[in-house]
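Colleague: Provided herewith: coords-v6.cif, mmCIF, C-alpha atoms and all ligand atoms.
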```
data_coords
#
loop_
_atom_site.label_atom_id
_atom_site.label_comp_id
_atom_site.auth_asym_id
_atom_site.auth_seq_id
_atom_site.Cartn_x
_atom_site.Cartn_y
_atom_site.Cartn_z
CA MET A 1 -35.79 18.39 33.53
CA SER A 2 -35.98 15.15 35.55
CA THR A 3 -33.11 13.37 33.72
CA PRO A 4 -30.40 12.65 36.33
CA ALA A 5 -27.15 14.50 35.71
CA VAL A 6 -23.49 13.85 36.46
CA ARG A 7 -22.02 16.72 38.48
CA VAL A 8 -18.55 18.03 37.74
CA ARG A 9 -17.53 19.11 41.25
CA LEU A 10 -15.50 22.29 40.80
CA GLY A 11 -16.98 24.46 43.55
CA ASP A 12 -18.65 27.59 42.21
CA ARG A 13 -17.53 26.64 38.70
CA GLY A 14 -19.16 23.20 38.98
CA TYR A 15 -21.80 22.12 36.45
CA ASP A 16 -24.15 19.36 35.44
CA VAL A 17 -23.66 16.99 32.51
CA THR A 18 -27.14 15.87 31.46
CA VAL A 19 -27.27 12.70 29.39
CA GLY A 20 -30.38 11.10 27.93
CA SER A 21 -32.81 10.70 25.11
CA GLY A 22 -34.46 13.91 23.83
CA THR A 23 -32.47 16.22 26.11
CA LEU A 24 -31.67 18.70 23.31
CA ALA A 25 -35.21 20.08 23.65
CA SER A 26 -34.46 21.06 27.25
CA VAL A 27 -31.22 22.99 26.68
CA GLY A 28 -32.92 26.41 26.91
CA GLU A 29 -34.42 25.79 30.35
CA ARG A 30 -31.20 24.22 31.63
CA VAL A 31 -29.13 27.20 30.45
CA ARG A 32 -31.68 29.58 31.98
CA ALA A 33 -31.41 27.69 35.28
CA ALA A 34 -27.61 27.87 35.13
CA LEU A 35 -27.36 31.57 34.14
CA GLY A 36 -30.37 33.20 35.75
CA ASP A 37 -32.53 35.91 34.20
CA GLY A 38 -30.01 38.40 32.74
CA ALA A 39 -29.00 36.77 29.45
CA THR A 40 -31.19 37.51 26.42
CA ARG A 41 -29.22 36.07 23.52
CA ALA A 42 -27.33 32.90 22.59
CA PHE A 43 -24.83 32.34 19.82
CA VAL A 44 -24.85 28.74 18.56
CA VAL A 45 -21.77 27.36 16.80
CA VAL A 46 -23.02 24.46 14.71
CA ASP A 47 -21.11 21.52 13.26
CA ALA A 48 -22.07 21.41 9.55
CA ASN A 49 -22.53 17.63 9.86
CA VAL A 50 -25.38 17.92 12.37
CA PRO A 51 -28.80 17.37 10.74
CA GLY A 52 -30.99 20.49 10.57
CA GLU A 53 -33.73 18.95 12.73
CA HIS A 54 -31.35 18.86 15.73
CA VAL A 55 -30.25 22.44 15.10
CA ASN A 56 -33.92 23.50 15.05
CA THR A 57 -34.65 21.57 18.24
CA LEU A 58 -31.81 23.36 20.01
CA THR A 59 -32.52 26.87 18.72
CA GLY A 60 -36.26 26.38 19.39
CA SER A 61 -35.50 25.42 22.97
CA LEU A 62 -33.22 28.45 23.42
CA ASP A 63 -35.82 30.78 21.89
CA ARG A 64 -38.59 29.42 24.18
CA ALA A 65 -36.38 30.10 27.20
CA GLY A 66 -35.91 33.74 26.12
CA PHE A 67 -32.52 33.50 24.41
CA GLY A 68 -32.75 34.97 20.90
CA ALA A 69 -30.62 32.32 19.19
CA GLN A 70 -28.34 33.12 16.26
CA THR A 71 -26.17 30.52 14.56
CA THR A 72 -22.97 30.12 12.60
CA SER A 73 -21.57 26.86 11.30
CA PHE A 74 -18.43 25.29 9.88
CA ASP A 75 -17.33 21.93 8.58
CA PRO A 76 -14.92 20.64 11.24
CA THR A 77 -11.57 19.07 10.36
CA GLU A 78 -8.22 19.23 12.18
CA LYS A 79 -7.04 21.43 9.25
CA VAL A 80 -9.68 24.09 9.93
CA LYS A 81 -9.32 23.94 13.72
CA THR A 82 -7.25 27.10 13.51
CA ILE A 83 -6.97 30.61 14.88
CA ALA A 84 -8.35 31.80 11.51
CA THR A 85 -11.57 29.79 12.04
CA ALA A 86 -11.84 31.00 15.63
CA GLN A 87 -11.40 34.55 14.36
CA ARG A 88 -14.20 34.12 11.79
CA VAL A 89 -16.52 32.80 14.52
CA LEU A 90 -15.49 35.66 16.84
CA GLU A 91 -16.27 38.20 14.10
CA SER A 92 -19.73 36.69 13.52
CA LEU A 93 -20.32 36.71 17.28
CA ALA A 94 -19.18 40.33 17.62
CA ALA A 95 -21.52 41.31 14.76
CA THR A 96 -24.48 40.15 16.88
CA GLY A 97 -23.45 42.56 19.65
CA GLN A 98 -23.81 39.78 22.20
CA ASP A 99 -23.12 40.82 25.78
CA ARG A 100 -20.84 39.44 28.48
CA GLY A 101 -23.59 37.44 30.15
CA ASP A 102 -24.93 35.86 26.95
CA PRO A 103 -23.75 32.32 26.22
CA VAL A 104 -22.00 30.69 23.31
CA VAL A 105 -23.51 27.25 22.66
CA ALA A 106 -21.53 24.52 20.87
CA LEU A 107 -23.56 21.95 18.93
CA GLY A 108 -21.24 19.38 17.42
CA GLY A 109 -18.27 17.11 17.82
CA GLY A 110 -15.01 17.74 19.62
CA ILE A 111 -13.57 20.21 17.10
CA VAL A 112 -16.63 22.48 17.19
CA GLY A 113 -16.71 22.22 21.00
CA ASP A 114 -13.02 23.15 21.25
CA VAL A 115 -13.30 26.11 18.85
CA ALA A 116 -16.57 27.39 20.36
CA GLY A 117 -15.10 27.01 23.85
CA PHE A 118 -12.02 28.98 22.80
CA VAL A 119 -14.22 31.69 21.28
CA ALA A 120 -16.23 31.86 24.53
CA ALA A 121 -13.03 31.98 26.61
CA THR A 122 -11.72 34.98 24.66
CA TYR A 123 -14.76 37.01 23.52
CA ARG A 124 -15.02 40.03 25.84
CA ARG A 125 -12.40 38.22 28.00
CA GLY A 126 -14.75 35.34 28.66
CA VAL A 127 -18.46 34.59 28.27
CA PRO A 128 -20.40 31.47 29.37
CA VAL A 129 -20.20 28.40 27.15
CA VAL A 130 -22.67 25.53 26.92
CA GLN A 131 -21.55 22.27 25.33
CA CYS A 132 -24.05 20.14 23.39
CA PRO A 133 -21.89 17.29 22.09
CA THR A 134 -23.17 15.29 19.12
CA THR A 135 -20.55 12.55 18.83
CA VAL A 136 -19.64 9.76 21.24
CA LEU A 137 -16.14 11.18 21.52
CA ALA A 138 -17.38 14.66 22.39
CA MET A 139 -19.98 13.30 24.84
CA VAL A 140 -17.60 11.15 26.88
CA ASP A 141 -14.50 13.31 26.66
CA ALA A 142 -14.11 16.62 24.84
CA SER A 143 -17.23 18.42 26.10
CA VAL A 144 -16.39 17.85 29.78
CA GLY A 145 -13.49 19.42 31.64
CA GLY A 146 -13.07 22.85 30.07
CA LYS A 147 -10.19 22.25 27.66
CA THR A 148 -10.63 24.54 24.66
CA GLY A 149 -8.33 25.47 21.82
CA VAL A 150 -7.09 25.27 18.26
CA ASN A 151 -4.18 23.71 16.36
CA LEU A 152 -1.07 25.48 15.08
CA GLU A 153 0.78 24.68 11.89
CA VAL A 154 4.51 25.39 12.08
CA PRO A 155 7.32 24.83 9.59
CA GLY A 156 9.16 21.55 10.14
CA GLU A 157 11.53 19.19 8.39
CA GLY A 158 9.80 18.00 5.22
CA GLY A 159 6.85 20.42 5.43
CA GLU A 160 4.36 21.95 7.82
CA ARG A 161 3.81 20.23 11.18
CA LEU A 162 0.38 20.29 12.81
CA LEU A 163 0.68 20.94 16.55
CA LYS A 164 -2.63 19.80 18.00
CA ASN A 165 -4.35 21.99 20.59
CA MET A 166 -1.23 24.13 20.96
CA VAL A 167 -3.21 27.35 21.58
CA GLY A 168 -6.06 27.39 24.04
CA SER A 169 -7.41 27.94 27.48
CA PHE A 170 -9.21 26.20 30.31
CA HIS A 171 -12.79 27.48 30.23
CA GLN A 172 -15.34 25.32 32.04
CA PRO A 173 -18.84 25.16 30.52
CA VAL A 174 -21.84 26.25 32.59
CA ALA A 175 -23.75 23.17 31.39
CA VAL A 176 -23.23 20.13 29.18
CA VAL A 177 -26.25 18.49 27.54
CA ALA A 178 -25.74 15.23 25.63
CA ASP A 179 -28.71 13.89 23.67
CA VAL A 180 -28.05 10.26 22.71
CA ASP A 181 -30.79 10.41 20.02
CA VAL A 182 -28.39 12.52 17.95
CA LEU A 183 -26.05 9.51 17.71
CA ALA A 184 -28.55 7.71 15.46
CA SER A 185 -27.41 9.76 12.43
CA LEU A 186 -23.69 9.39 13.13
CA PRO A 187 -21.63 7.29 10.67
CA ASP A 188 -20.67 3.92 12.13
CA ARG A 189 -16.95 4.68 11.97
CA HIS A 190 -17.45 7.80 14.12
CA VAL A 191 -19.38 5.86 16.77
CA ARG A 192 -16.66 3.20 16.96
CA SER A 193 -13.97 5.84 17.08
CA GLY A 194 -15.60 7.48 20.11
CA LEU A 195 -15.81 4.14 21.88
CA ALA A 196 -11.99 4.09 22.05
CA GLU A 197 -12.23 6.87 24.66
CA CYS A 198 -14.66 4.72 26.65
CA VAL A 199 -12.14 1.84 26.63
CA LYS A 200 -9.52 4.34 27.79
CA HIS A 201 -11.79 5.35 30.66
CA ALA A 202 -12.30 1.66 31.51
CA MET A 203 -8.52 1.22 31.69
CA ILE A 204 -8.12 3.99 34.31
CA ALA A 205 -11.50 3.74 36.06
CA GLN A 206 -10.38 1.85 39.16
CA THR A 207 -7.61 4.36 39.85
CA ILE A 208 -10.02 7.28 39.56
CA SER A 209 -13.42 6.18 40.83
CA GLY A 210 -13.54 2.43 41.48
CA GLU A 211 -15.93 1.80 38.57
CA ASP A 212 -15.62 -1.52 36.66
CA LEU A 213 -16.38 -0.07 33.23
CA MET A 214 -14.34 -2.79 31.49
CA SER A 215 -16.73 -5.58 32.52
CA TRP A 216 -19.72 -3.39 31.67
CA LEU A 217 -18.36 -2.78 28.15
CA GLU A 218 -17.61 -6.46 27.62
CA THR A 219 -21.15 -7.38 28.68
CA ASN A 220 -22.91 -4.63 26.72
CA ALA A 221 -20.76 -4.29 23.56
CA ASP A 222 -23.53 -5.50 21.24
CA ARG A 223 -26.15 -3.13 22.69
CA VAL A 224 -23.67 -0.27 22.39
CA LEU A 225 -22.79 -1.10 18.77
CA GLY A 226 -26.53 -1.26 18.04
CA ARG A 227 -26.81 2.29 19.54
CA ASP A 228 -29.51 1.21 21.94
CA PRO A 229 -30.47 4.57 23.55
CA GLY A 230 -30.60 3.02 27.05
CA ALA A 231 -27.15 1.46 26.64
CA MET A 232 -25.69 4.64 25.16
CA THR A 233 -27.14 6.73 27.99
CA GLU A 234 -25.65 4.39 30.59
CA LEU A 235 -22.28 4.26 28.84
CA VAL A 236 -22.00 8.02 28.39
CA ARG A 237 -23.02 8.60 32.04
CA LYS A 238 -20.50 6.07 33.36
CA SER A 239 -17.74 7.44 31.16
CA VAL A 240 -18.51 11.06 32.02
CA ALA A 241 -18.55 10.20 35.74
CA ILE A 242 -14.97 8.90 35.45
CA LYS A 243 -13.88 11.96 33.52
CA ALA A 244 -15.67 14.30 35.95
CA ASP A 245 -13.81 12.77 38.91
CA ALA A 246 -10.46 13.12 37.12
CA VAL A 247 -11.19 16.77 36.30
CA ALA A 248 -12.45 17.59 39.80
CA SER A 249 -9.28 16.15 41.35
CA ASP A 250 -6.86 18.02 39.07
CA GLU A 251 -8.62 20.65 36.96
CA ARG A 252 -5.56 22.04 35.20
CA GLU A 253 -3.57 18.83 34.92
CA THR A 254 -0.86 19.99 37.30
CA ALA A 255 -0.79 17.00 39.70
CA PRO A 256 2.65 15.43 40.07
CA SER A 257 3.31 12.24 38.11
CA SER A 258 3.23 10.24 41.36
CA VAL A 259 -0.45 11.24 41.79
CA GLY A 260 -1.54 10.91 38.15
CA GLY A 261 -4.66 13.08 38.26
CA ARG A 262 -6.10 14.41 35.01
CA ALA A 263 -3.00 13.29 33.09
CA LEU A 264 -4.31 9.72 33.38
CA LEU A 265 -6.86 10.72 30.72
CA ASN A 266 -3.95 10.89 28.28
CA LEU A 267 -3.59 7.10 28.29
CA GLY A 268 -2.95 6.00 24.71
CA HIS A 269 -2.77 9.60 23.47
CA THR A 270 0.99 10.15 23.32
CA PHE A 271 1.40 7.03 21.19
CA GLY A 272 -1.81 7.95 19.35
CA HIS A 273 -0.82 11.53 18.53
CA ALA A 274 2.46 10.27 17.03
CA ILE A 275 0.55 8.32 14.37
CA GLU A 276 -2.72 10.24 14.08
CA THR A 277 -1.47 12.95 11.75
CA LEU A 278 0.60 10.64 9.56
CA PRO A 279 -0.88 10.66 6.07
CA GLY A 280 -1.82 7.38 4.43
CA ILE A 281 -2.29 5.19 7.51
CA SER A 282 -5.51 3.17 7.24
CA PRO A 283 -7.33 1.54 10.18
CA ASP A 284 -7.71 -1.52 7.95
CA PRO A 285 -4.34 -2.83 6.68
CA ALA A 286 -6.20 -4.57 3.82
CA ASP A 287 -7.98 -1.36 2.69
CA PRO A 288 -5.68 1.68 2.24
CA SER A 289 -8.60 3.77 0.94
CA ARG A 290 -9.82 4.25 4.53
CA ALA A 291 -6.77 6.40 5.42
CA PRO A 292 -6.20 8.62 7.34
CA LEU A 293 -6.92 7.42 10.87
CA HIS A 294 -9.65 9.01 12.94
CA HIS A 295 -8.61 10.29 16.38
CA GLY A 296 -10.29 7.42 18.23
CA GLU A 297 -8.65 4.87 15.95
CA ALA A 298 -5.25 6.36 16.76
CA VAL A 299 -6.17 6.24 20.46
CA ALA A 300 -7.15 2.55 20.14
CA LEU A 301 -3.73 1.83 18.66
CA GLY A 302 -2.18 3.94 21.39
CA LEU A 303 -3.93 1.83 24.04
CA VAL A 304 -2.51 -1.36 22.50
CA ALA A 305 0.96 0.23 22.34
CA ALA A 306 0.69 1.36 25.97
CA CYS A 307 -0.22 -2.20 27.04
CA ALA A 308 2.81 -3.62 25.20
CA CYS A 309 5.07 -0.95 26.70
CA SER A 310 3.73 -1.77 30.18
CA ALA A 311 4.20 -5.48 29.58
CA ARG A 312 7.86 -4.91 28.64
CA LEU A 313 8.29 -2.97 31.90
CA GLY A 314 6.67 -5.82 33.85
CA MET A 315 3.74 -3.62 34.94
CA ILE A 316 0.84 -5.77 33.62
CA ASP A 317 0.16 -9.37 32.84
CA ALA A 318 -0.81 -10.75 29.45
CA ALA A 319 -4.42 -11.37 30.49
CA TRP A 320 -5.20 -7.63 30.80
CA SER A 321 -3.52 -6.79 27.46
CA ASP A 322 -5.50 -9.59 25.83
CA ARG A 323 -8.76 -8.26 27.30
CA VAL A 324 -8.03 -4.76 25.99
CA ARG A 325 -7.15 -6.02 22.51
CA ALA A 326 -10.19 -8.30 22.38
CA LEU A 327 -12.56 -5.50 23.43
CA LEU A 328 -11.10 -3.02 20.93
CA GLY A 329 -11.38 -5.64 18.17
CA ARG A 330 -14.98 -6.39 19.13
CA LEU A 331 -15.80 -2.69 18.95
CA GLY A 332 -14.38 -2.62 15.40
CA LEU A 333 -11.30 -0.60 16.31
CA PRO A 334 -7.83 -1.21 14.87
CA VAL A 335 -5.18 -2.97 16.96
CA ALA A 336 -2.44 -2.89 14.29
CA VAL A 337 -1.76 -0.88 11.10
CA ALA A 338 0.50 -1.12 8.07
CA GLY A 339 2.90 1.50 6.74
CA LEU A 340 4.17 3.10 9.97
CA PRO A 341 7.55 4.82 9.68
CA GLY A 342 10.53 3.61 11.69
CA ASN A 343 10.65 3.83 15.48
CA GLY A 344 13.16 6.70 15.33
CA GLU A 345 10.66 8.95 13.56
CA LEU A 346 7.78 7.86 15.78
CA LEU A 347 9.82 8.47 18.96
CA ALA A 348 10.67 11.95 17.67
CA ARG A 349 6.98 12.61 17.03
CA MET A 350 6.13 11.44 20.56
CA GLY A 351 8.77 13.88 21.83
CA HIS A 352 6.80 16.73 20.23
CA ASP A 353 3.59 15.76 22.02
CA LYS A 354 2.54 18.36 24.56
CA LYS A 355 2.55 15.74 27.32
CA VAL A 356 6.34 16.05 27.29
CA ARG A 357 7.16 18.29 30.26
CA ALA A 358 10.58 20.00 30.41
CA GLY A 359 12.06 17.49 28.00
CA VAL A 360 10.87 14.46 30.00
CA LEU A 361 8.56 12.00 28.24
CA ARG A 362 5.63 11.23 30.55
CA LEU A 363 3.65 8.21 29.47
CA VAL A 364 0.46 6.96 31.06
CA LEU A 365 0.80 3.20 31.31
CA PRO A 366 -1.77 0.61 32.33
CA GLU A 367 -1.21 -1.60 35.36
CA GLY A 368 -4.15 -3.94 34.72
CA ASP A 369 -7.61 -4.25 36.30
CA GLY A 370 -8.66 -0.69 35.43
CA ARG A 371 -5.58 0.92 36.96
CA ALA A 372 -2.91 3.11 35.37
CA GLN A 373 -0.06 5.40 36.39
CA VAL A 374 2.12 8.13 34.91
CA VAL A 375 5.66 6.92 34.18
CA GLU A 376 8.41 9.48 33.57
CA ASP A 377 11.18 8.68 31.12
CA PRO A 378 10.29 5.05 30.45
CA ASP A 379 13.05 2.84 29.04
CA PRO A 380 13.13 3.65 25.27
CA SER A 381 13.26 -0.07 24.45
CA ALA A 382 9.88 -0.48 26.20
CA VAL A 383 8.44 2.43 24.20
CA GLU A 384 9.76 0.78 21.03
CA ALA A 385 8.15 -2.51 22.08
CA GLY A 386 4.87 -0.57 22.27
CA LEU A 387 5.34 0.80 18.75
CA ASP A 388 6.31 -2.62 17.38
CA ALA A 389 3.12 -4.11 18.85
CA ILE A 390 0.91 -2.05 16.53
CA ARG A 391 2.72 -2.87 13.27
CA ALA A 392 0.59 -5.11 11.04
N1 LIG B 1 -9.04 14.68 26.98
C1 LIG B 1 -8.21 14.75 28.12
C2 LIG B 1 -8.62 15.81 29.08
O1 LIG B 1 -9.66 16.40 28.93
O2 LIG B 1 -7.92 16.06 30.02
#
```
Before we go any further, please render this structure as structure tokens.
Modeller:
Amino acid sequence: MSTPAVRVRLGDRGYDVTVGSGTLASVGERVRAALGDGATRAFVVVDANVPGEHVNTLTGSLDRAGFGAQTTSFDPTEKVKTIATAQRVLESLAATGQDRGDPVVALGGGIVGDVAGFVAATYRRGVPVVQCPTTVLAMVDASVGGKTGVNLEVPGEGGERLLKNMVGSFHQPVAVVADVDVLASLPDRHVRSGLAECVKHAMIAQTISGEDLMSWLETNADRVLGRDPGAMTELVRKSVAIKADAVASDERETAPSSVGGRALLNLGHTFGHAIETLPGISPDPADPSRAPLHHGEAVALGLVAACACSARLGMIDAAWSDRVRALLGRLGLPVAVAGLPGNGELLARMGHDKKVRAGVLRLVLPEGDGRAQVVEDPDPSAVEAGLDAIRA
């Protein structure tokens, strides 16, 4: 229990994010410390990609701490991140007879964390949730801050449209435990994809907490790509600290654009969401078989687009854009792709992003040196310059 934690400072709903090597074996005692003596059961929602040994470590730890652990699992994709999946998990949970004080525990990547969090937010009108993220992306972003939810598919021109995270709730976890040892079994592409969120944090870090994460990433890129547990622990802690400060300052993302707040975490995402669900786009223009993009790959492209948009608006100099591109490239992330539709279609897709408030496009744009701001209704020609910058 001696591993230092990052605190998400939200008053009586505050919690610790514990990051380190071997921490999964301590989840039971940490949850017991967070919840006290009343709870006797735990319902674990497991990502089907997580190796059985990690599932056993977690359930063993919960059992030792007096939580009779039961599990359910599903194979997470954006397609199955639906109300129907949440309902199936809710039905399995209800079948256990779990009580209001008993926790739901998510063991997996961002999709499992979002669905399990949504289940916990709605079962018996809200039960505690514990997040045990198993991907870089979930460790540095999705598991912290209490956003939960599922996608909606609605009819649109030319077929169904997937509206990401359209149904959900804010439901803060009571604890987050990230075990960097779990990353050893993660496919390389997934690790790289998660690192895009770390670059995003580096691009807003000075505005939020004064941390120079950009220089740290540039210095330690090789150790990170080699999944050195010490480097991963440091990176996840630094990244989570930035996210925790953003969440503590603006929990429900309601700060005005002039302040920025939690919305700054959407840097790269409005551009990214416009291309992420396009079929047939590969992160490697020379290898179409790698399509479709992973979320982090779309975010990496979104970061490049945001830099180009900022540059057109005179908000950053070329040196910062070059640093961002160089770091993304070094981390094996795409900076341009082939086969994107025309700007008209992409602008329309950006207009459907949920970061559009009352018909006004709000873009987070970098200002250089780890600073960013929210810009309302940017000049469309600057947005198009952003989109053009990511065409291979
Ligand atoms: N991933 C952005 C947020 O949690 O606000």
Colleague: Any idea what the distance is between atom CA of A:Ser21 and atom CA of A:Gly68?
Modeller: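 According to the coordinates, atom CA of A:Ser21 and atom CA of A:Gly68 are separated by 24.6 Å.
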Colleague: What is the distance, in Å and to one decimal place, between atom CA of A:Met166 and atom CA of A:Asn151?
Modeller: 5.5 Å
Colleague: Produce a table with one row for each residue of chain A that has an atom at most 8 Å from any atom of ligand LIG 1 (chain B), each row naming the nearest atom pair and its distance in Å at one decimal; use only C-alpha atoms and all ligand atoms; arrange rows by chain and rising residue number; format as a tab-separated table.
Modeller:
```
residue	atom	partner	partner_atom	distance
A:Asp141	CA	B:LIG1	N1	5.6
A:Ala142	CA	B:LIG1	N1	5.8
A:Val144	CA	B:LIG1	O1	6.9
A:Gly145	CA	B:LIG1	O1	5.6
A:Gly146	CA	B:LIG1	O1	7.4
A:Lys147	CA	B:LIG1	O1	6.0
A:Lys243	CA	B:LIG1	O1	7.7
A:Val247	CA	B:LIG1	O2	7.1
A:Glu253	CA	B:LIG1	O2	7.1
A:Arg262	CA	B:LIG1	O2	5.6
A:Ala263	CA	B:LIG1	O2	6.4
A:Leu265	CA	B:LIG1	C1	5.0
A:Asn266	CA	B:LIG1	C1	5.8
```
Colleague: Choose the residue, out of A:Val45, A:Val17, A:Ala65, A:Ala348, that has the smallest atom-to-atom separation from A:Ala241; count all atoms listed in the file.
Modeller: A:Val17
Colleague: As an exercise, work out the distance from atom CA of A:Gly117 to atom CA of A:Pro173 in Å and give it to one decimal place.
Modeller: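 Distance reported for this atom pair: 7.9 Å.
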Colleague: Could you check the closest approach to A:Asp222 for each of A:Gly339, A:Gly110, A:Pro378, A:Gly332 and tell me which residue wins, using only C-alpha atoms?
Modeller: A:Gly332
Colleague: Using all atoms listed in the file, which protein or nucleic acid residues come within 6 Å of stretch 289-306 of chain A? Drop anything in the same chain fewer than 5 positions from it, and give the result as a ChimeraX atom specification.
Modeller: /A:193-194,196,268-269,271-272,276,279-283,335,365,386-387,389
Colleague: A:Thr277, A:His171, A:Ser185, A:Leu195: which is nearest A:Met232, counting only C-alpha atoms?
Modeller: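 Using only C-alpha atoms, the shortest distance to A:Met232 belongs to A:Leu195.
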Colleague: Between A:Arg100, A:Gly108, A:Leu24, A:Thr40, which is the closest to A:Asn56 once you count only C-alpha atoms?
Modeller: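 Checking each of A:Arg100, A:Gly108, A:Leu24, A:Thr40 against A:Asn56, counting only C-alpha atoms, the winner is A:Leu24.
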Colleague: Nearest to A:Ser26 among A:Val150, A:Thr59, A:Asp322, A:Asn343, with distances taken over all atoms listed in the file: which residue is it?
Modeller: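 Of all the options, A:Thr59 lies closest to A:Ser26.
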